[in-house]
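Note: the block below is target.pdb and it holds PDB, C-alpha atoms and all ligand atoms.
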```
ATOM      1  CA  MET R   1    -143.548  79.109 -16.725
ATOM      2  CA  ALA R   2    -145.190  79.377 -20.116
ATOM      3  CA  ASN R   3    -143.607  81.129 -23.116
ATOM      4  CA  GLN R   4    -141.841  84.230 -21.787
ATOM      5  CA  LEU R   5    -143.011  86.590 -24.537
ATOM      6  CA  LEU R   6    -142.901  89.664 -22.289
ATOM      7  CA  THR R   7    -139.329  89.261 -21.039
ATOM      8  CA  ASP R   8    -137.706  92.711 -20.596
ATOM      9  CA  ARG R   9    -141.150  94.312 -20.741
ATOM     10  CA  THR R  10    -143.033  96.197 -18.036
ATOM     11  CA  ALA R  11    -146.791  95.814 -17.596
ATOM     12  CA  LEU R  12    -148.932  98.013 -15.369
ATOM     13  CA  VAL R  13    -152.294  96.664 -14.222
ATOM     14  CA  THR R  14    -154.641  99.071 -12.454
ATOM     15  CA  GLY R  15    -156.727  97.582  -9.652
ATOM     16  CA  ALA R  16    -154.549  94.483  -9.452
ATOM     17  CA  SER R  17    -154.936  93.726  -5.743
ATOM     18  CA  ARG R  18    -157.997  91.527  -6.234
ATOM     19  CA  GLY R  19    -160.256  89.767  -8.730
ATOM     20  CA  ILE R  20    -159.661  90.117 -12.455
ATOM     21  CA  GLY R  21    -156.736  92.538 -12.055
ATOM     22  CA  ARG R  22    -154.926  90.078  -9.794
ATOM     23  CA  ALA R  23    -155.352  87.254 -12.328
ATOM     24  CA  VAL R  24    -154.134  89.538 -15.139
ATOM     25  CA  ALA R  25    -151.069  90.552 -13.111
ATOM     26  CA  VAL R  26    -150.196  86.901 -12.458
ATOM     27  CA  ALA R  27    -150.720  85.960 -16.124
ATOM     28  CA  LEU R  28    -148.530  88.786 -17.430
ATOM     29  CA  ALA R  29    -145.797  87.979 -14.904
ATOM     30  CA  ASP R  30    -146.029  84.389 -16.082
ATOM     31  CA  ALA R  31    -145.478  85.707 -19.613
ATOM     32  CA  GLY R  32    -142.229  87.281 -18.400
ATOM     33  CA  ALA R  33    -143.206  90.888 -17.697
ATOM     34  CA  GLU R  34    -142.200  92.888 -14.672
ATOM     35  CA  VAL R  35    -145.655  93.753 -13.318
ATOM     36  CA  VAL R  36    -146.685  96.934 -11.560
ATOM     37  CA  VAL R  37    -149.514  95.979  -9.213
ATOM     38  CA  ASN R  38    -151.623  99.104  -8.711
ATOM     39  CA  TYR R  39    -154.157  99.286  -5.889
ATOM     40  CA  ALA R  40    -156.174 101.987  -4.170
ATOM     41  CA  ARG R  41    -157.024 100.868  -0.642
ATOM     42  CA  SER R  42    -155.676  97.336  -0.084
ATOM     43  CA  PRO R  43    -151.910  97.389   0.546
ATOM     44  CA  GLU R  44    -151.901  93.922   2.138
ATOM     45  CA  ALA R  45    -153.749  92.364  -0.787
ATOM     46  CA  ALA R  46    -151.394  94.057  -3.271
ATOM     47  CA  ALA R  47    -148.358  92.828  -1.309
ATOM     48  CA  GLU R  48    -149.807  89.311  -1.409
ATOM     49  CA  VAL R  49    -150.115  89.510  -5.226
ATOM     50  CA  VAL R  50    -146.491  90.652  -5.474
ATOM     51  CA  ALA R  51    -145.402  87.802  -3.174
ATOM     52  CA  ALA R  52    -147.371  85.244  -5.202
ATOM     53  CA  ILE R  53    -145.730  86.456  -8.425
ATOM     54  CA  GLU R  54    -142.261  86.371  -6.862
ATOM     55  CA  GLU R  55    -142.873  82.879  -5.489
ATOM     56  CA  GLY R  56    -143.655  81.794  -9.045
ATOM     57  CA  GLY R  57    -140.300  83.176 -10.212
ATOM     58  CA  GLY R  58    -141.722  86.420 -11.603
ATOM     59  CA  ARG R  59    -141.030  90.096 -10.987
ATOM     60  CA  ALA R  60    -143.516  92.593  -9.539
ATOM     61  CA  TYR R  61    -143.915  95.564  -7.239
ATOM     62  CA  ALA R  62    -146.928  97.428  -5.875
ATOM     63  CA  LEU R  63    -147.822 101.108  -6.351
ATOM     64  CA  GLN R  64    -150.713 102.842  -4.609
ATOM     65  CA  ALA R  65    -152.796 105.336  -6.621
ATOM     66  CA  ASP R  66    -156.449 106.266  -6.940
ATOM     67  CA  VAL R  67    -156.639 106.371 -10.732
ATOM     68  CA  SER R  68    -159.961 108.217 -10.676
ATOM     69  CA  LYS R  69    -157.850 111.262  -9.813
ATOM     70  CA  GLU R  70    -155.881 112.792 -12.677
ATOM     71  CA  ALA R  71    -152.817 113.746 -10.625
ATOM     72  CA  GLU R  72    -152.599 110.289  -9.022
ATOM     73  CA  ALA R  73    -152.989 108.518 -12.369
ATOM     74  CA  ASP R  74    -150.235 110.704 -13.868
ATOM     75  CA  GLY R  75    -148.071 110.071 -10.804
ATOM     76  CA  LEU R  76    -148.602 106.310 -11.090
ATOM     77  CA  ILE R  77    -147.375 106.167 -14.698
ATOM     78  CA  LYS R  78    -144.437 108.433 -13.831
ATOM     79  CA  ALA R  79    -143.435 106.300 -10.832
ATOM     80  CA  ALA R  80    -143.625 103.099 -12.883
ATOM     81  CA  LEU R  81    -141.486 104.640 -15.634
ATOM     82  CA  GLU R  82    -138.904 105.878 -13.148
ATOM     83  CA  ARG R  83    -138.625 102.517 -11.451
ATOM     84  CA  SER R  84    -138.810 100.232 -14.504
ATOM     85  CA  GLY R  85    -137.355 102.419 -17.261
ATOM     86  CA  SER R  86    -140.134 101.650 -19.744
ATOM     87  CA  LEU R  87    -143.833 100.939 -19.901
ATOM     88  CA  ASP R  88    -144.857  98.433 -22.552
ATOM     89  CA  VAL R  89    -148.264  97.142 -21.459
ATOM     90  CA  LEU R  90    -151.088  98.999 -19.738
ATOM     91  CA  VAL R  91    -154.196  97.181 -18.546
ATOM     92  CA  ASN R  92    -156.917  99.567 -17.429
ATOM     93  CA  ASN R  93    -158.789  97.259 -15.097
ATOM     94  CA  ALA R  94    -159.724  99.237 -11.957
ATOM     95  CA  GLY R  95    -163.478  99.593 -11.659
ATOM     96  CA  ILE R  96    -166.346  99.917  -9.193
ATOM     97  CA  ILE R  97    -170.110  99.550  -9.140
ATOM     98  CA  ARG R  98    -172.613 101.898  -7.453
ATOM     99  CA  ASP R  99    -175.863 100.304  -8.581
ATOM    100  CA  GLY R 100    -179.329 101.836  -8.432
ATOM    101  CA  LEU R 101    -182.341 102.254 -10.673
ATOM    102  CA  LEU R 102    -182.140 105.282 -12.956
ATOM    103  CA  MET R 103    -184.942 107.206 -11.231
ATOM    104  CA  ARG R 104    -183.303 106.811  -7.830
ATOM    105  CA  MET R 105    -179.662 107.050  -8.809
ATOM    106  CA  LYS R 106    -177.760 109.625  -6.801
ATOM    107  CA  THR R 107    -175.590 112.014  -8.786
ATOM    108  CA  ALA R 108    -172.663 111.127  -6.516
ATOM    109  CA  ASP R 109    -173.005 107.462  -7.523
ATOM    110  CA  TRP R 110    -173.203 108.388 -11.212
ATOM    111  CA  GLN R 111    -170.107 110.571 -10.863
ATOM    112  CA  ALA R 112    -168.013 108.113  -8.822
ATOM    113  CA  VAL R 113    -168.468 105.420 -11.477
ATOM    114  CA  MET R 114    -167.703 107.851 -14.320
ATOM    115  CA  ASP R 115    -164.622 109.167 -12.506
ATOM    116  CA  LEU R 116    -163.017 105.745 -12.135
ATOM    117  CA  ASN R 117    -164.481 103.495 -14.836
ATOM    118  CA  LEU R 118    -164.240 106.039 -17.686
ATOM    119  CA  SER R 119    -162.082 109.044 -16.706
ATOM    120  CA  GLY R 120    -159.534 106.793 -14.979
ATOM    121  CA  VAL R 121    -159.056 104.876 -18.227
ATOM    122  CA  PHE R 122    -158.562 108.170 -20.081
ATOM    123  CA  TYR R 123    -156.033 109.539 -17.555
ATOM    124  CA  CYS R 124    -153.899 106.384 -17.548
ATOM    125  CA  THR R 125    -154.077 105.912 -21.322
ATOM    126  CA  ARG R 126    -153.070 109.511 -22.020
ATOM    127  CA  ALA R 127    -150.166 109.340 -19.582
ATOM    128  CA  ALA R 128    -148.951 105.929 -20.797
ATOM    129  CA  ALA R 129    -149.297 106.814 -24.485
ATOM    130  CA  ARG R 130    -146.486 109.413 -24.243
ATOM    131  CA  PRO R 131    -143.661 106.956 -23.448
ATOM    132  CA  MET R 132    -145.229 104.319 -25.734
ATOM    133  CA  LEU R 133    -145.259 106.811 -28.639
ATOM    134  CA  LYS R 134    -141.592 107.573 -28.008
ATOM    135  CA  GLN R 135    -140.588 103.919 -27.957
ATOM    136  CA  LYS R 136    -142.939 103.195 -30.904
ATOM    137  CA  ARG R 137    -144.314 100.155 -29.121
ATOM    138  CA  GLY R 138    -147.121  99.428 -26.703
ATOM    139  CA  ARG R 139    -150.119  97.303 -25.850
ATOM    140  CA  ILE R 140    -153.146  98.744 -24.059
ATOM    141  CA  VAL R 141    -156.136  96.697 -22.935
ATOM    142  CA  ASN R 142    -159.194  98.278 -21.364
ATOM    143  CA  ILE R 143    -161.500  96.109 -19.292
ATOM    144  CA  THR R 144    -165.032  97.060 -20.284
ATOM    145  CA  SER R 145    -168.109  94.855 -19.701
ATOM    146  CA  VAL R 146    -170.877  93.183 -21.658
ATOM    147  CA  VAL R 147    -173.128  95.467 -19.604
ATOM    148  CA  GLY R 148    -171.735  98.370 -21.644
ATOM    149  CA  LEU R 149    -172.848  96.565 -24.811
ATOM    150  CA  MET R 150    -176.245  95.218 -23.758
ATOM    151  CA  GLY R 151    -177.387  97.479 -20.863
ATOM    152  CA  ASN R 152    -178.484  96.184 -17.469
ATOM    153  CA  PRO R 153    -181.277  97.458 -15.192
ATOM    154  CA  GLY R 154    -179.798  99.151 -12.117
ATOM    155  CA  GLN R 155    -176.485  99.933 -13.803
ATOM    156  CA  ALA R 156    -177.070 103.090 -15.890
ATOM    157  CA  ASN R 157    -173.855 104.647 -14.583
ATOM    158  CA  TYR R 158    -171.782 101.494 -15.027
ATOM    159  CA  ALA R 159    -173.189 100.677 -18.491
ATOM    160  CA  ALA R 160    -172.639 104.240 -19.699
ATOM    161  CA  ALA R 161    -169.051 104.300 -18.430
ATOM    162  CA  LYS R 162    -168.271 100.900 -19.948
ATOM    163  CA  ALA R 163    -169.843 101.888 -23.289
ATOM    164  CA  GLY R 164    -167.682 105.023 -23.109
ATOM    165  CA  VAL R 165    -164.632 102.821 -22.693
ATOM    166  CA  VAL R 166    -165.519 101.091 -25.974
ATOM    167  CA  GLY R 167    -165.562 104.458 -27.799
ATOM    168  CA  LEU R 168    -162.328 105.487 -26.108
ATOM    169  CA  THR R 169    -160.736 102.176 -27.105
ATOM    170  CA  ARG R 170    -161.737 102.416 -30.763
ATOM    171  CA  THR R 171    -160.602 106.045 -31.006
ATOM    172  CA  SER R 172    -157.267 105.660 -29.232
ATOM    173  CA  ALA R 173    -156.618 102.562 -31.368
ATOM    174  CA  LYS R 174    -156.985 104.695 -34.510
ATOM    175  CA  GLU R 175    -154.834 107.518 -33.123
ATOM    176  CA  LEU R 176    -151.989 105.304 -31.913
ATOM    177  CA  ALA R 177    -151.888 102.516 -34.520
ATOM    178  CA  SER R 178    -149.314 104.162 -36.786
ATOM    179  CA  ARG R 179    -146.836 104.226 -33.898
ATOM    180  CA  GLY R 180    -146.925 100.538 -33.121
ATOM    181  CA  ILE R 181    -149.408 100.746 -30.262
ATOM    182  CA  THR R 182    -152.492  98.536 -30.162
ATOM    183  CA  VAL R 183    -155.527  99.358 -28.026
ATOM    184  CA  ASN R 184    -158.199  96.742 -27.437
ATOM    185  CA  ALA R 185    -160.963  96.099 -24.946
ATOM    186  CA  VAL R 186    -161.951  92.912 -23.175
ATOM    187  CA  ALA R 187    -165.610  92.682 -22.194
ATOM    188  CA  PRO R 188    -166.216  90.131 -19.433
ATOM    189  CA  GLY R 189    -169.652  88.784 -18.683
ATOM    190  CA  PHE R 190    -170.295  87.774 -15.076
ATOM    191  CA  ILE R 191    -167.042  86.765 -13.384
ATOM    192  CA  ALA R 192    -166.704  85.371  -9.844
ATOM    193  CA  THR R 193    -165.014  88.205  -7.886
ATOM    194  CA  ASP R 194    -165.848  90.486  -4.929
ATOM    195  CA  MET R 195    -167.824  92.631  -7.399
ATOM    196  CA  THR R 196    -170.337  89.869  -8.146
ATOM    197  CA  LYS R 197    -170.445  88.305  -4.659
ATOM    198  CA  GLY R 198    -174.010  87.269  -3.797
ATOM    199  CA  LEU R 199    -175.226  87.880  -7.353
ATOM    200  CA  GLU R 200    -175.275  84.256  -8.472
ATOM    201  CA  ASN R 201    -178.834  82.949  -8.754
ATOM    202  CA  ASP R 202    -180.794  80.551 -10.951
ATOM    203  CA  ALA R 203    -182.090  83.287 -13.286
ATOM    204  CA  LEU R 204    -178.579  84.603 -13.928
ATOM    205  CA  LEU R 205    -177.149  81.129 -14.471
ATOM    206  CA  LYS R 206    -180.005  80.387 -16.897
ATOM    207  CA  ALA R 207    -179.129  83.511 -18.884
ATOM    208  CA  ILE R 208    -175.529  82.354 -19.308
ATOM    209  CA  PRO R 209    -175.417  79.686 -22.046
ATOM    210  CA  MET R 210    -172.359  78.098 -20.405
ATOM    211  CA  GLY R 211    -174.360  77.820 -17.175
ATOM    212  CA  CYS R 212    -171.773  79.235 -14.761
ATOM    213  CA  LEU R 213    -169.942  82.408 -13.861
ATOM    214  CA  GLY R 214    -166.549  82.927 -15.447
ATOM    215  CA  GLN R 215    -163.303  82.879 -13.482
ATOM    216  CA  PRO R 216    -160.810  85.791 -13.391
ATOM    217  CA  GLU R 217    -158.335  83.534 -15.214
ATOM    218  CA  HIS R 218    -160.696  83.351 -18.213
ATOM    219  CA  VAL R 219    -160.425  87.130 -18.596
ATOM    220  CA  ALA R 220    -156.682  87.092 -17.905
ATOM    221  CA  GLY R 221    -156.179  84.642 -20.775
ATOM    222  CA  ALA R 222    -157.749  87.080 -23.246
ATOM    223  CA  VAL R 223    -155.647  89.966 -21.899
ATOM    224  CA  ARG R 224    -152.537  87.857 -22.133
ATOM    225  CA  PHE R 225    -153.328  87.003 -25.760
ATOM    226  CA  LEU R 226    -153.832  90.662 -26.710
ATOM    227  CA  THR R 227    -150.716  91.916 -24.891
ATOM    228  CA  ALA R 228    -148.160  89.109 -25.036
ATOM    229  CA  ASP R 229    -148.910  86.995 -28.088
ATOM    230  CA  PRO R 230    -147.307  88.021 -31.403
ATOM    231  CA  ALA R 231    -150.392  86.515 -33.074
ATOM    232  CA  ALA R 232    -152.335  89.561 -31.794
ATOM    233  CA  ALA R 233    -149.933  92.101 -33.334
ATOM    234  CA  TYR R 234    -152.385  93.205 -36.067
ATOM    235  CA  ILE R 235    -155.470  93.314 -33.821
ATOM    236  CA  THR R 236    -156.473  96.789 -32.641
ATOM    237  CA  GLY R 237    -159.681  98.639 -31.784
ATOM    238  CA  GLN R 238    -161.498  95.400 -30.991
ATOM    239  CA  VAL R 239    -163.777  94.333 -28.158
ATOM    240  CA  LEU R 240    -163.212  90.716 -27.166
ATOM    241  CA  GLN R 241    -166.097  89.281 -25.145
ATOM    242  CA  VAL R 242    -165.303  86.726 -22.445
ATOM    243  CA  ASP R 243    -168.830  86.054 -21.303
ATOM    244  CA  GLY R 244    -169.840  82.385 -21.566
ATOM    245  CA  GLY R 245    -172.176  83.356 -24.387
ATOM    246  CA  ILE R 246    -174.446  85.746 -22.444
ATOM    247  CA  TYR R 247    -174.332  88.379 -25.197
TER     248      TYR R 247
HETATM  249  P1  LIG G 301    -163.029  93.787  -7.720
HETATM  250  O1  LIG G 301    -162.810  92.371  -7.349
HETATM  251  O2  LIG G 301    -164.020  94.609  -6.978
HETATM  252  O3  LIG G 301    -161.590  94.533  -7.694
HETATM  253  C1  LIG G 301    -161.522  95.885  -8.011
HETATM  254  C2  LIG G 301    -160.084  96.309  -8.073
HETATM  255  O4  LIG G 301    -160.049  97.700  -8.438
HETATM  256  C3  LIG G 301    -159.356  96.205  -6.749
HETATM  257  O5  LIG G 301    -158.036  95.784  -6.978
HETATM  258  C4  LIG G 301    -159.387  97.625  -6.217
HETATM  259  O6  LIG G 301    -158.284  97.967  -5.402
HETATM  260  C5  LIG G 301    -159.272  98.402  -7.493
HETATM  261  N1  LIG G 301    -159.737  99.782  -7.356
HETATM  262  C6  LIG G 301    -160.928 100.221  -6.877
HETATM  263  N2  LIG G 301    -160.974 101.565  -6.888
HETATM  264  C7  LIG G 301    -159.785 101.982  -7.389
HETATM  265  C8  LIG G 301    -159.234 103.245  -7.665
HETATM  266  N3  LIG G 301    -159.924 104.369  -7.443
HETATM  267  N4  LIG G 301    -157.980 103.306  -8.157
HETATM  268  C9  LIG G 301    -157.250 102.184  -8.388
HETATM  269  N5  LIG G 301    -157.736 100.937  -8.162
HETATM  270  C10 LIG G 301    -158.988 100.855  -7.668
HETATM  271  O7  LIG G 301    -163.457  93.932  -9.260
HETATM  272  P2  LIG G 301    -163.371  92.863 -10.473
HETATM  273  O8  LIG G 301    -164.629  92.105 -10.502
HETATM  274  O9  LIG G 301    -162.081  92.176 -10.452
HETATM  275  O10 LIG G 301    -163.426  93.888 -11.706
HETATM  276  C11 LIG G 301    -162.267  94.332 -12.383
HETATM  277  C12 LIG G 301    -162.693  95.075 -13.649
HETATM  278  O11 LIG G 301    -163.473  94.189 -14.460
HETATM  279  C13 LIG G 301    -163.571  96.287 -13.388
HETATM  280  O12 LIG G 301    -163.290  97.300 -14.330
HETATM  281  C14 LIG G 301    -164.967  95.746 -13.632
HETATM  282  O13 LIG G 301    -165.873  96.761 -13.986
HETATM  283  C15 LIG G 301    -164.701  94.791 -14.762
HETATM  284  N6  LIG G 301    -165.724  93.754 -14.928
HETATM  285  C16 LIG G 301    -165.977  92.878 -13.921
HETATM  286  C17 LIG G 301    -166.944  91.900 -14.114
HETATM  287  C18 LIG G 301    -167.299  90.882 -13.071
HETATM  288  O14 LIG G 301    -168.265  90.148 -13.274
HETATM  289  N7  LIG G 301    -166.563  90.794 -11.957
HETATM  290  C19 LIG G 301    -167.652  91.850 -15.324
HETATM  291  C20 LIG G 301    -167.361  92.771 -16.324
HETATM  292  C21 LIG G 301    -166.383  93.719 -16.114
HETATM  293  P3  LIG G 301    -158.393  97.988  -3.778
HETATM  294  O15 LIG G 301    -158.445  96.547  -3.363
HETATM  295  O16 LIG G 301    -157.154  98.673  -3.336
HETATM  296  O17 LIG G 301    -159.643  98.713  -3.449
END
```
Re-express the file's structure as C-alpha cells.
Ligand code: NAP
Amino acid sequence: MANQLLTDRTALVTGASRGIGRAVAVALADAGAEVVVNYARSPEAAAEVVAAIEEGGGRAYALQADVSKEAEADGLIKAALERSGSLDVLVNNAGIIRDGLLMRMKTADWQAVMDLNLSGVFYCTRAAARPMLKQKRGRIVNITSVVGLMGNPGQANYAAAKAGVVGLTRTSAKELASRGITVNAVAPGFIATDMTKGLENDALLKAIPMGCLGQPEHVAGAVRFLTADPAAAYITGQVLQVDGGIY
C-alpha cells in the first residue's frame, strides 16, 4: 500500500469494469479510497475488480448504471451517496467508440457517442457537484482523449465529444473552484485496452515518439495525482496529456 491519502474518502469511477477505469479504480483504492466500481453490461468483470481491490486490502463495491441515461446517472450518484455517506472523487471514464468516416457516419453512431462520452460526463458531474458543493470539497477528473485535441480521421463523433469534455471541464472548474472542488481532464493517447485492440501497427507506433502504446496504469497514475495528491490542490481546469508524446 502506498500513501493512503484518500482514507475516509469515497471515489466513484464510471466504466470501471475494464481497461483504464479498472486501473483507476485499483489506484484510488490503493490510495485509501472506498471505490464505487460502475459498469454497464459486465457484472462479472466488475465483481472481479472489486475482488482484486479487496484482495489488496482495499474497499470497493460495484454499481450498475448506463451513465448515458440521465435517470441512471442520477440514480448511480444517489446510490453511492446512500451507501457511502459522501462522494469525494468522481472520475468520468466510461466511453465508447463508433468509428466511421464523416460522409458515411450514421446519425445513431454520432448520437450514441455524444450520449455517453459527453452527456454522460455532464449528468454525473451535475449530480456529484451537489453533495461536493455542500461538503465544500471534491475532485473531479474527466477522461478525454488526445483525439479531442488533434482530430482523427474516422472519429468525428468521438473527437467532437472529447473536445466537448475539455470545454465542460474548463467551465465546471471555474464554476466550482470557489467551493473547494477541482475539475481536471486527463487526455490519454493510445492505451492498450479492449478499445484499441487490433489497432497497433507500424504506422501508429511510428507516430508515437515513445514507440509503444501506453498502459492503463499510466493513465491511472495521472488520475491518482490529480485526485489524491495534496500537491495537485491548486490545479484546476487543466488537461493533462498521457500520450507518449503523440501530440
Ligand atoms: P474499454 O476498455 O472499452 O472500457 C470501457 C468501459 O466503459 C467499460 O468498463 C464499460 O463497462 C464502460 N461503459 C461502456 N458503456 C457504458 C455506459 N453506457 N455506462 C457506464 N459504463 C459504460 O475502454 P478504455 O480504453 O478503458 O477507455 C476508457 C476511457 O478512456 C474512455 O472514455 C475512452 O474514450 C478513453 N480513452 C481511451 C483511450 C485508449 O486508447 N484506450 C485513449 C484515449 C481516451 P462494461 O464492461 O459494463 O460495458
Just the residues within 12 Å of Glu54 (chain R), please, counting all atoms listed in the file, with nothing from its chain fewer than 6 positions along; format it as a PDB file with C-alpha atoms, keeping the file's coordinate frame.
```
ATOM      1  CA  ALA R  25    -151.069  90.552 -13.111  1.00  0.00           C
ATOM      2  CA  VAL R  26    -150.196  86.901 -12.458  1.00  0.00           C
ATOM      3  CA  ALA R  29    -145.797  87.979 -14.904  1.00  0.00           C
ATOM      4  CA  ASP R  30    -146.029  84.389 -16.082  1.00  0.00           C
ATOM      5  CA  GLY R  32    -142.229  87.281 -18.400  1.00  0.00           C
ATOM      6  CA  ALA R  33    -143.206  90.888 -17.697  1.00  0.00           C
ATOM      7  CA  GLU R  34    -142.200  92.888 -14.672  1.00  0.00           C
ATOM      8  CA  VAL R  35    -145.655  93.753 -13.318  1.00  0.00           C
ATOM      9  CA  ALA R  47    -148.358  92.828  -1.309  1.00  0.00           C
ATOM     10  CA  GLU R  48    -149.807  89.311  -1.409  1.00  0.00           C
ATOM     11  CA  ALA R  60    -143.516  92.593  -9.539  1.00  0.00           C
ATOM     12  CA  TYR R  61    -143.915  95.564  -7.239  1.00  0.00           C
TER      13      TYR R  61
END
```
Which of these, R:Val37, R:Gly100, R:Asn117, R:Phe122, has the shortest distance to Asp74 (chain R) once you count all atoms listed in the file?
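For Asp74 (chain R), the nearest of the candidates is R:Phe122.
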When the PyMOL selection byres (((not hetatm)) within 6 of (chain G and resi 301)) is applied to the structure above, which residues does it catch, written out as a PDB file with C-alpha atoms, in the frame of the given file?
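Generated output (expr-v1.pdb):
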```pdb
ATOM      1  CA  THR R  14    -154.641  99.071 -12.454  1.00  0.00           C
ATOM      2  CA  GLY R  15    -156.727  97.582  -9.652  1.00  0.00           C
ATOM      3  CA  ALA R  16    -154.549  94.483  -9.452  1.00  0.00           C
ATOM      4  CA  SER R  17    -154.936  93.726  -5.743  1.00  0.00           C
ATOM      5  CA  ARG R  18    -157.997  91.527  -6.234  1.00  0.00           C
ATOM      6  CA  GLY R  19    -160.256  89.767  -8.730  1.00  0.00           C
ATOM      7  CA  ILE R  20    -159.661  90.117 -12.455  1.00  0.00           C
ATOM      8  CA  GLY R  21    -156.736  92.538 -12.055  1.00  0.00           C
ATOM      9  CA  TYR R  39    -154.157  99.286  -5.889  1.00  0.00           C
ATOM     10  CA  ALA R  40    -156.174 101.987  -4.170  1.00  0.00           C
ATOM     11  CA  ARG R  41    -157.024 100.868  -0.642  1.00  0.00           C
ATOM     12  CA  SER R  42    -155.676  97.336  -0.084  1.00  0.00           C
ATOM     13  CA  ALA R  65    -152.796 105.336  -6.621  1.00  0.00           C
ATOM     14  CA  ASP R  66    -156.449 106.266  -6.940  1.00  0.00           C
ATOM     15  CA  VAL R  67    -156.639 106.371 -10.732  1.00  0.00           C
ATOM     16  CA  SER R  68    -159.961 108.217 -10.676  1.00  0.00           C
ATOM     17  CA  ASN R  93    -158.789  97.259 -15.097  1.00  0.00           C
ATOM     18  CA  ALA R  94    -159.724  99.237 -11.957  1.00  0.00           C
ATOM     19  CA  GLY R  95    -163.478  99.593 -11.659  1.00  0.00           C
ATOM     20  CA  ILE R  96    -166.346  99.917  -9.193  1.00  0.00           C
ATOM     21  CA  LEU R 116    -163.017 105.745 -12.135  1.00  0.00           C
ATOM     22  CA  ILE R 143    -161.500  96.109 -19.292  1.00  0.00           C
ATOM     23  CA  THR R 144    -165.032  97.060 -20.284  1.00  0.00           C
ATOM     24  CA  SER R 145    -168.109  94.855 -19.701  1.00  0.00           C
ATOM     25  CA  PRO R 188    -166.216  90.131 -19.433  1.00  0.00           C
ATOM     26  CA  GLY R 189    -169.652  88.784 -18.683  1.00  0.00           C
ATOM     27  CA  PHE R 190    -170.295  87.774 -15.076  1.00  0.00           C
ATOM     28  CA  ILE R 191    -167.042  86.765 -13.384  1.00  0.00           C
ATOM     29  CA  ALA R 192    -166.704  85.371  -9.844  1.00  0.00           C
ATOM     30  CA  THR R 193    -165.014  88.205  -7.886  1.00  0.00           C
ATOM     31  CA  ASP R 194    -165.848  90.486  -4.929  1.00  0.00           C
ATOM     32  CA  MET R 195    -167.824  92.631  -7.399  1.00  0.00           C
ATOM     33  CA  THR R 196    -170.337  89.869  -8.146  1.00  0.00           C
TER      34      THR R 196
END
```
So that I can see what lies close to Gly85 (chain R), please list as a list in words the residues with an atom at most 12 Å from it, counting only C-alpha atoms and leaving out residues fewer than 3 positions away in the same chain.
Asp8, Arg9, Thr10, Ala11, Glu34, Ile77, Lys78, Ala79, Ala80, Leu81, Glu82, Asp88, Pro131, Met132 and Gln135 of chain R
Export of the given selection (C-alpha atoms) as a PDB file, in the coordinates of the input:
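So again.pdb came out as:
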```pdb
ATOM      1  CA  ASP R   8    -137.706  92.711 -20.596  1.00  0.00           C
ATOM      2  CA  ARG R   9    -141.150  94.312 -20.741  1.00  0.00           C
ATOM      3  CA  THR R  10    -143.033  96.197 -18.036  1.00  0.00           C
ATOM      4  CA  ALA R  11    -146.791  95.814 -17.596  1.00  0.00           C
ATOM      5  CA  GLU R  34    -142.200  92.888 -14.672  1.00  0.00           C
ATOM      6  CA  ILE R  77    -147.375 106.167 -14.698  1.00  0.00           C
ATOM      7  CA  LYS R  78    -144.437 108.433 -13.831  1.00  0.00           C
ATOM      8  CA  ALA R  79    -143.435 106.300 -10.832  1.00  0.00           C
ATOM      9  CA  ALA R  80    -143.625 103.099 -12.883  1.00  0.00           C
ATOM     10  CA  LEU R  81    -141.486 104.640 -15.634  1.00  0.00           C
ATOM     11  CA  GLU R  82    -138.904 105.878 -13.148  1.00  0.00           C
ATOM     12  CA  ASP R  88    -144.857  98.433 -22.552  1.00  0.00           C
ATOM     13  CA  PRO R 131    -143.661 106.956 -23.448  1.00  0.00           C
ATOM     14  CA  MET R 132    -145.229 104.319 -25.734  1.00  0.00           C
ATOM     15  CA  GLN R 135    -140.588 103.919 -27.957  1.00  0.00           C
TER      16      GLN R 135
END
```
Mind working out the centre and edge lengths of an axis-aligned box for region 99-117 of chain R, all listed atoms inside, 8 Å added to each side, rounded to one decimal in Å and written as AutoDock Vina command-line options?
```
--center_x -174.0 --center_y 106.2 --center_z -10.7 --size_x 37.9 --size_y 27.7 --size_z 24.3
```
For the provided coordinates, the residues matched by the PyMOL selection byres (((chain R and resi 237) around 12) and not hetatm) should be stated as JSON, numbers by chain.
{"R": [139, 140, 141, 142, 165, 166, 167, 168, 169, 170, 171, 172, 173, 174, 175, 176, 177, 181, 182, 183, 184, 185, 186, 226, 232, 233, 234, 235, 236, 238, 239, 240]}
For CA of Ala51 (chain R) and CA of Val89 (chain R), the interatomic separation in Å (one decimal)
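Separation between CA of Ala51 (chain R) and CA of Val89 (chain R): 20.7 Å.
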Counting all atoms listed in the file, the option among R:Ser178, R:Ala159, R:Glu44, R:Val147 closest to Ile246 (chain R):
R:Val147
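If you measure from each of R:Gly198, R:Leu102, R:Gln111, R:Leu6 to Ala228 (chain R) using only C-alpha atoms, the closest one turns out to be R:Leu6.
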Please determine, counting only C-alpha atoms, which residue among R:Ala231, R:Ala156, R:Leu199, R:Ala52 has the shortest atom-to-atom distance to Met103 (chain R).
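Smallest separation from Met103 (chain R) among the options: R:Ala156.
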Suppose you want the space between CA of Val24 (chain R) and CA of Leu5 (chain R); what is it in Å?
14.9 Å
